[in-house]
>>> print(open('upload00.txt').read())   # compact mmCIF, C-alpha atoms
# COMPACT_ATOMS: atom_id res chain seq x y z
CA MET N 14 27.40 2.34 -34.06
CA LYS N 15 24.23 1.81 -32.02
CA TYR N 16 21.36 -0.54 -32.85
CA THR N 17 17.77 -0.95 -31.72
CA HIS N 18 16.57 -4.53 -31.43
CA TYR N 19 12.79 -4.90 -31.80
CA ASN N 20 9.98 -7.44 -32.04
CA LYS N 21 9.23 -8.03 -35.72
CA GLU N 22 5.44 -8.37 -35.21
CA THR N 23 4.69 -5.69 -32.62
CA LYS N 24 7.61 -3.33 -33.43
CA GLN N 25 8.20 -3.03 -29.67
CA ILE N 26 11.77 -2.10 -28.71
CA LEU N 27 13.50 -4.98 -26.95
CA GLY N 28 16.86 -3.36 -26.32
CA TYR N 29 19.69 -1.12 -27.46
CA TYR N 30 23.10 -2.37 -28.51
CA ASP N 31 26.45 -0.80 -29.33
CA ASP N 32 28.92 -2.65 -31.57
CA GLU N 33 31.78 -1.22 -29.49
CA ILE N 34 30.39 -3.05 -26.43
CA HIS N 35 28.40 -6.02 -27.72
CA THR N 36 29.87 -8.77 -29.88
CA THR N 37 26.43 -10.02 -30.91
CA ILE N 38 23.56 -7.78 -31.99
CA PRO N 39 20.22 -9.63 -32.11
CA THR N 40 17.93 -9.31 -35.10
CA PRO N 41 15.78 -7.76 -36.26
CA ASN N 42 17.44 -4.43 -35.59
CA ILE N 43 17.97 -1.02 -37.10
CA GLU N 44 21.09 1.07 -37.00
CA ILE N 45 20.66 4.41 -35.21
CA SER N 46 22.83 7.44 -34.48
CA ASP N 47 24.01 8.39 -31.01
CA GLU N 48 21.61 11.34 -31.14
CA ALA N 49 18.63 9.11 -32.05
CA TRP N 50 19.58 6.71 -29.24
CA GLN N 51 19.80 9.58 -26.71
CA GLU N 52 16.45 11.01 -27.85
CA ALA N 53 14.84 7.55 -27.56
CA ILE N 54 16.15 7.26 -24.00
CA ASN N 55 14.90 10.76 -23.15
CA ILE N 56 11.35 10.06 -24.35
CA ASN N 57 11.26 6.45 -23.08
CA ALA N 58 10.66 5.18 -26.62
CA THR N 59 8.80 1.90 -26.72
CA HIS N 60 8.42 1.20 -30.46
CA VAL N 61 10.18 1.56 -33.77
CA LYS N 62 9.15 2.26 -37.35
CA PRO N 63 11.81 0.16 -39.13
CA LYS N 64 11.45 1.78 -42.55
CA THR N 65 11.93 5.34 -41.27
CA LYS N 66 14.06 4.36 -38.24
CA GLU N 67 11.76 6.45 -36.06
CA LEU N 68 11.79 5.57 -32.35
CA TYR N 69 8.68 6.67 -30.49
CA LYS N 70 6.69 6.14 -27.32
CA GLN N 71 3.43 4.36 -27.97
CA GLU N 72 0.78 5.56 -25.58
CA VAL N 73 -1.10 2.69 -24.01
CA VAL N 74 -4.83 3.08 -24.18
CA LYS N 75 -6.41 1.20 -21.32
CA SER N 76 -9.95 -0.04 -21.18
CA GLU N 77 -12.27 1.02 -18.37
CA ASP N 78 -11.94 -2.48 -16.93
CA GLU N 79 -8.14 -2.25 -16.91
CA ILE N 80 -8.26 1.17 -15.26
CA LEU N 81 -10.69 -0.08 -12.62
CA THR N 82 -8.61 -3.23 -11.99
CA GLU N 83 -5.47 -1.13 -11.48
CA ALA N 84 -7.34 1.28 -9.20
CA LYS N 85 -8.66 -1.65 -7.13
CA GLN N 86 -5.14 -3.07 -6.79
CA GLU N 87 -3.83 0.33 -5.68
CA LYS N 88 -6.65 0.61 -3.13
CA LEU N 89 -5.89 -2.90 -1.83
CA THR N 90 -2.23 -1.94 -1.44
CA ARG N 91 -3.23 1.14 0.57
CA LEU N 92 -5.55 -1.08 2.63
CA GLU N 93 -2.63 -3.39 3.51
CA ILE N 94 -0.56 -0.39 4.63
CA TRP N 95 -3.50 0.89 6.72
CA PHE N 96 -4.02 -2.58 8.23
CA ASP N 97 -0.34 -2.99 9.17
CA THR N 98 -0.37 0.46 10.77
CA MET N 99 -3.57 -0.28 12.68
CA LYS N 100 -2.23 -3.64 13.93
CA ASN N 101 0.71 -1.85 15.49
CA LYS N 102 -1.01 1.26 16.78
CA SER N 103 -4.68 1.98 16.46
CA LYS N 104 -7.05 4.37 18.14
CA ILE N 105 -9.78 2.67 20.17
CA ASP N 106 -12.82 4.59 21.32
CA LEU N 107 -13.68 2.71 24.51
CA LYS N 108 -17.20 3.98 25.14
CA GLY N 109 -17.56 5.50 28.59
CA PHE N 110 -13.79 5.61 29.14
CA GLY N 111 -12.19 7.50 26.23
CA LEU N 112 -9.67 7.07 23.42
CA ILE N 113 -6.93 4.52 24.09
CA ASP N 114 -4.09 2.99 22.09
CA GLY N 115 -4.61 -0.39 20.48
CA GLY N 116 -2.22 -2.91 19.00
CA TYR N 117 -0.23 -5.87 20.21
CA LYS N 118 2.29 -4.01 22.37
CA TYR N 119 -0.54 -2.05 23.99
CA LEU N 120 -2.36 -5.31 24.71
CA LEU N 121 0.76 -6.68 26.40
CA ASN N 122 1.07 -3.49 28.43
CA ALA N 123 -2.58 -3.60 29.57
CA ARG N 124 -2.20 -7.28 30.47
CA ALA N 125 0.94 -6.54 32.49
CA ILE N 126 -0.81 -3.70 34.32
CA ARG N 127 -3.81 -5.96 35.10
CA ASN N 128 -1.57 -8.82 36.29
CA ASN N 129 0.45 -6.49 38.52
CA TYR N 130 -2.22 -3.94 39.40
CA GLU N 131 -1.67 -4.09 43.15
CA LEU N 132 2.05 -3.22 42.69
CA ILE N 133 1.57 -0.22 40.42
CA GLU N 134 1.63 3.31 41.82
CA PRO N 135 0.17 5.62 40.79
CA LYS N 136 -2.76 3.67 39.40
CA ARG N 137 -3.28 5.51 36.15
CA PHE N 138 -3.39 4.81 32.45
CA ARG N 139 -1.91 6.75 29.55
CA MET N 140 -4.61 7.70 27.03
CA TRP N 141 -4.38 8.14 23.25
CA ASP N 142 -3.65 11.87 23.60
CA ASP N 143 -0.83 11.14 26.12
CA SER N 144 -2.88 12.43 29.06
CA PHE N 145 -3.22 10.24 32.15
CA LYS N 146 -6.41 8.92 33.71
CA ALA N 147 -6.84 7.26 37.11
CA ILE N 148 -7.90 3.62 36.77
CA THR N 149 -9.40 0.88 38.88
CA ALA N 150 -8.70 -2.84 38.51
CA ASP N 151 -12.05 -3.09 36.72
CA ASP N 152 -11.00 -0.31 34.29
CA ILE N 153 -7.77 -2.06 33.31
CA ALA N 154 -9.63 -5.34 32.74
CA LYS N 155 -12.05 -3.46 30.45
CA ILE N 156 -9.12 -1.81 28.65
CA GLU N 157 -7.42 -5.16 28.07
CA ARG N 158 -10.65 -6.67 26.79
CA ALA N 159 -11.30 -3.63 24.56
CA ILE N 160 -7.86 -3.97 22.95
CA GLU N 161 -8.51 -7.68 22.32
CA LEU N 162 -11.94 -6.95 20.84
CA ALA N 163 -10.53 -4.13 18.71
CA GLY N 164 -7.98 -6.57 17.25
CA ILE N 165 -10.79 -8.94 16.33
CA LYS N 166 -12.89 -6.08 14.92
CA LEU N 167 -9.91 -4.80 12.95
CA HIS N 168 -9.84 -7.99 10.89
CA ALA N 169 -13.59 -7.82 10.28
CA ILE N 170 -13.28 -4.17 9.24
CA LYS N 171 -10.45 -5.07 6.84
CA TRP N 172 -12.55 -7.84 5.30
CA SER N 173 -15.47 -5.44 4.80
CA TYR N 174 -13.13 -2.96 3.08
CA GLU N 175 -11.81 -5.77 0.85
CA GLU N 176 -15.37 -6.69 -0.07
CA ALA N 177 -16.28 -3.06 -0.80
CA ILE N 178 -13.19 -2.70 -3.01
CA ALA N 179 -13.99 -5.93 -4.89
CA ASN N 180 -17.60 -4.83 -5.44
CA ALA N 181 -16.79 -1.28 -6.57
CA ASN N 182 -18.01 -0.64 -10.10
CA SER N 183 -16.19 2.63 -10.73
CA LYS N 184 -13.18 4.66 -9.67
CA GLU N 185 -15.57 7.07 -7.94
CA GLU N 186 -16.92 4.24 -5.78
CA LEU N 187 -13.34 3.27 -4.90
CA ASP N 188 -12.48 6.85 -4.02
CA ALA N 189 -15.48 6.97 -1.69
CA ILE N 190 -14.02 4.12 0.40
CA SER N 191 -12.05 5.70 3.22
CA PHE N 192 -10.26 3.82 5.96
CA ASN N 193 -11.34 4.79 9.46
CA ASP N 194 -8.62 5.46 12.02
CA THR N 195 -10.76 4.63 15.08
CA ILE N 196 -12.22 1.35 16.25
CA GLU N 197 -15.24 1.67 18.53
CA VAL N 198 -15.64 -0.79 21.40
CA GLU N 199 -18.43 -0.90 23.97
CA ASN N 200 -17.34 -0.61 27.61
CA GLY N 201 -18.66 -3.64 29.36
>>> encode(input="upload00.txt", output="structure tokens")
Amino acid sequence: MKYTHYNKETKQILGYYDDEIHTTIPTPNIEISDEAWQEAININATHVKPKTKELYKQEVVKSEDEILTEAKQEKLTRLEIWFDTMKNKSKIDLKGFGLIDGGYKYLLNARAIRNNYELIEPKRFRMWDDSFKAITADDIAKIERAIELAGIKLHAIKWSYEEAIANANSKEELDAISFNDTIEVENG
């Protein structure tokens, strides 16, 4: 026979037991049929009515504050994913030059190009859209600096998003916060 163990005060289901498998069945419990056990599993039953042996799913009613807190946590999780993505590969709008890749490996590449500029032929740089652009030594120094500045700005942007999320007073305000995929950097 199967049994449902539950919390005496809250009537919340704590577990299911079968006397063919378990030598000890905790109390309080009610005896249930295989069919009742299967139905409880199918509906994800959370509570029991001991007198009638009814197993049911109690819908959780959340307060507006709980809903907002959960929505903020979800938005913060999405922000962390966005931030990790942007740290690895971001789009930088280098004013006067164009869209370039940002991120640590792109910084190392720009630094290597700058340090070995005189040895590189042809002297060109791969842009965000995979096209190539001729560069001067001054251009590559500006690119390296732009990637460094974008990394610094990225943290500041993340902090401003965190602040906006913390200060949001409704789910609508949270939904209005969108994470930009481009970091703008002045060329100079």
>>> atom_distance(input="upload00.txt", atom1="CA of Ile113 (chain N)", atom2="CA of Ala159 (chain N)")
9.3 Å
>>> residues_around(input="upload00.txt", residues="Asn182 (chain N)", least_positions_apart="6", cutoff="10 Å", atoms="all atoms listed in the file", output="ChimeraX atom specification")
/N:78,81-82,85
>>> atom_distance(input="upload00.txt", atom1="CA of Glu131 (chain N)", atom2="CA of Asn200 (chain N)")
22.3 Å
>>> residues_around(input="upload00.txt", residues="Ile54 (chain N)", least_positions_apart="2", cutoff="12 Å", atoms="all atoms listed in the file", output="MDAnalysis selection string")
chainID N and resid 17 26 28:29 47:52 56:60 68:70
>>> closest_residue(input="upload00.txt", among="N:Gln86, N:Ser76, N:Ser46, N:Gln25", to="Leu187 (chain N)", atoms="all atoms listed in the file")
N:Gln86
>>> closest_residue(input="upload00.txt", among="N:Ile34, N:Asp142, N:Thr40, N:Glu67", to="Asp106 (chain N)", atoms="only C-alpha atoms")
N:Asp142
>>> residues_around(input="upload00.txt", residues="region 116-118 of chain N", least_positions_apart="2", cutoff="8 Å", atoms="only C-alpha atoms", output="PyMOL selection string")
chain N and resi 99-103+114+120-122+160+164
>>> atom_distance(input="upload00.txt", atom1="CA of Ile105 (chain N)", atom2="CA of Ala163 (chain N)")
7.0 Å
>>> residues_around(input="upload00.txt", residues="Arg124 (chain N)", least_positions_apart="6", cutoff="12 Å", atoms="all atoms listed in the file", output="PDB file with C-alpha atoms, keeping the file's coordinate frame")
ATOM      1  CA  TYR N 117      -0.230  -5.870  20.210  1.00  0.00           C
ATOM      2  CA  LYS N 118       2.290  -4.010  22.370  1.00  0.00           C
ATOM      3  CA  TYR N 130      -2.220  -3.940  39.400  1.00  0.00           C
ATOM      4  CA  ALA N 150      -8.700  -2.840  38.510  1.00  0.00           C
ATOM      5  CA  ASP N 152     -11.000  -0.310  34.290  1.00  0.00           C
ATOM      6  CA  ILE N 153      -7.770  -2.060  33.310  1.00  0.00           C
ATOM      7  CA  ALA N 154      -9.630  -5.340  32.740  1.00  0.00           C
ATOM      8  CA  LYS N 155     -12.050  -3.460  30.450  1.00  0.00           C
ATOM      9  CA  ILE N 156      -9.120  -1.810  28.650  1.00  0.00           C
ATOM     10  CA  GLU N 157      -7.420  -5.160  28.070  1.00  0.00           C
ATOM     11  CA  ARG N 158     -10.650  -6.670  26.790  1.00  0.00           C
ATOM     12  CA  ALA N 159     -11.300  -3.630  24.560  1.00  0.00           C
ATOM     13  CA  ILE N 160      -7.860  -3.970  22.950  1.00  0.00           C
ATOM     14  CA  GLU N 161      -8.510  -7.680  22.320  1.00  0.00           C
TER      15      GLU N 161
END
